[in-house]
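J.: Shown below is the structure under consideration.
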Amino acid sequence: MPKESFLVNRIKSVGFAFKGALLLVRTESSIKIQVFITLVMTAAGFYFEISNTEWILQILAIGLVLGIEGLNTAIEKIADFVQPEYDEKIGFIKDISAGAVMLVSIAASIIGLIIYVPKLF
């Protein structure tokens, strides 16, 4: 069987990643809420005409929250697959993963406050 080219492998990888992102948005309620917030904050950015630096910070914050939420979901799915029954150690792992989402969400919220509070008052 001939080996596929580097370009073909990269295109397939992007396809798998796109499929994963769509699955995440379709199946996880928490990410749906975060995507909604992303759309609201993007609209706010255009409305308030935030600076390039503010856009960079906002995009990084949004990307970090969505990315960590994706990792959290993956960890939870793996944990549930490995141990379908309640297990204290699995619960500990899932709690830590959820805590990571909370930490980046707090940081993203603070970034949003720093950007938008001065524009509101």
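Naming works like this for the structure tokens: A, B, ... for the chains as they're shown, residue 1 at the start of each chain, ligands 1 onward in shown order.
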Residues within 8 Å of A:Ala108, please, as a tab-separated table (two decimals) with N, CA and C atoms, in the first residue's frame. Count only C-alpha atoms; anything in the same chain fewer than 5 positions from it doesn't count.
T.:
```
chain	number	residue	atom	x	y	z
A	58	GLN	N	-9.09	39.31	23.35
A	58	GLN	CA	-10.41	38.68	23.36
A	58	GLN	C	-10.38	37.36	22.61
A	61	ALA	N	-8.54	34.78	24.67
A	61	ALA	CA	-9.36	34.34	25.81
A	61	ALA	C	-10.45	33.38	25.35
A	62	ILE	N	-11.12	33.72	24.27
A	62	ILE	CA	-12.18	32.87	23.74
A	62	ILE	C	-11.61	31.52	23.30
A	65	VAL	N	-10.73	29.34	26.35
A	65	VAL	CA	-11.92	28.76	27.00
A	65	VAL	C	-12.49	27.62	26.16
```
J.: Mind checking which residues fall within 12 Å of A:Gly20, counting only C-alpha atoms, ignoring those fewer than 4 positions away in the same chain, and posting them as a short mmCIF file (atom, residue, chain, number, x, y, z; two decimals) with N, CA and C atoms, in the first residue's frame?
T.:
```cif
data_model
loop_
_atom_site.label_atom_id
_atom_site.label_comp_id
_atom_site.auth_asym_id
_atom_site.auth_seq_id
_atom_site.Cartn_x
_atom_site.Cartn_y
_atom_site.Cartn_z
N SER A 13 -6.06 15.36 8.51
CA SER A 13 -6.00 15.80 9.90
C SER A 13 -6.91 16.99 10.16
N VAL A 14 -6.89 17.94 9.25
CA VAL A 14 -7.77 19.11 9.38
C VAL A 14 -9.23 18.66 9.32
N GLY A 15 -9.53 17.71 8.46
CA GLY A 15 -10.89 17.18 8.37
C GLY A 15 -11.34 16.53 9.67
N PHE A 16 -10.45 15.73 10.28
CA PHE A 16 -10.78 15.10 11.56
C PHE A 16 -10.97 16.15 12.65
N LEU A 24 -18.30 18.46 19.02
CA LEU A 24 -18.27 19.15 20.31
C LEU A 24 -19.43 20.14 20.40
N VAL A 25 -19.61 20.95 19.37
CA VAL A 25 -20.67 21.97 19.38
C VAL A 25 -22.05 21.32 19.34
N ARG A 26 -22.19 20.24 18.60
CA ARG A 26 -23.50 19.59 18.48
C ARG A 26 -23.93 18.85 19.74
N THR A 27 -22.96 18.30 20.47
CA THR A 27 -23.32 17.36 21.54
C THR A 27 -23.16 17.91 22.95
N GLU A 28 -22.45 19.00 23.14
CA GLU A 28 -22.15 19.47 24.49
C GLU A 28 -22.85 20.80 24.78
N GLY A 67 -11.01 25.84 23.82
CA GLY A 67 -10.06 24.74 23.74
C GLY A 67 -10.01 23.91 25.01
N GLY A 70 -13.04 21.83 25.31
CA GLY A 70 -12.92 20.65 24.46
C GLY A 70 -12.09 19.57 25.12
N LEU A 71 -10.97 19.96 25.73
CA LEU A 71 -10.13 18.99 26.45
C LEU A 71 -10.87 18.40 27.64
N THR A 73 -14.09 17.98 27.92
CA THR A 73 -15.06 17.03 27.39
C THR A 73 -14.38 15.72 27.02
N ALA A 74 -13.23 15.81 26.36
CA ALA A 74 -12.50 14.60 25.98
C ALA A 74 -12.09 13.79 27.21
#
```
J.: Pick out the closest residue to A:Phe36 from this set: A:Ile106, A:Ile111, A:Leu66, A:Ile96. Count only C-alpha atoms.
T.: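 Going through A:Ile106, A:Ile111, A:Leu66, A:Ile96 one by one, the smallest distance to A:Phe36 is for A:Leu66.
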J.: Between atom CA of A:Glu88 and atom CA of A:Asn72, what is the distance, to one decimal in Å?
T.: 17.4 Å
J.: Could you check the closest approach to A:Val104 for each of A:Leu7, A:Ala17, A:Ala44, A:Leu64 and tell me which residue wins, using only C-alpha atoms?
T.: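 Under the stated criterion, the closest residue is A:Leu64.
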J.: Which is closest to A:Leu103 among A:Glu4, A:Ile37, A:Gly45, A:Glu69, if we use only C-alpha atoms?
T.: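 Counting only C-alpha atoms, the residue closest to A:Leu103 is A:Glu69.
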J.: Mind giving me the straight-line distance from atom CA of A:Leu120 to atom CA of A:Met41 in Å, one decimal?
T.: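 That distance, rounded to one decimal, is 13.8 Å.
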J.: Have a look at A:Val117, A:Ser29, A:Ala107, A:Gly112 and name the one nearest to A:Trp55; count only C-alpha atoms.
T.: A:Gly112
J.: Figure out the distance between atom CA of A:Thr42 and atom CA of A:Ser105, please, to one decimal in Å.
T.: 16.1 Å
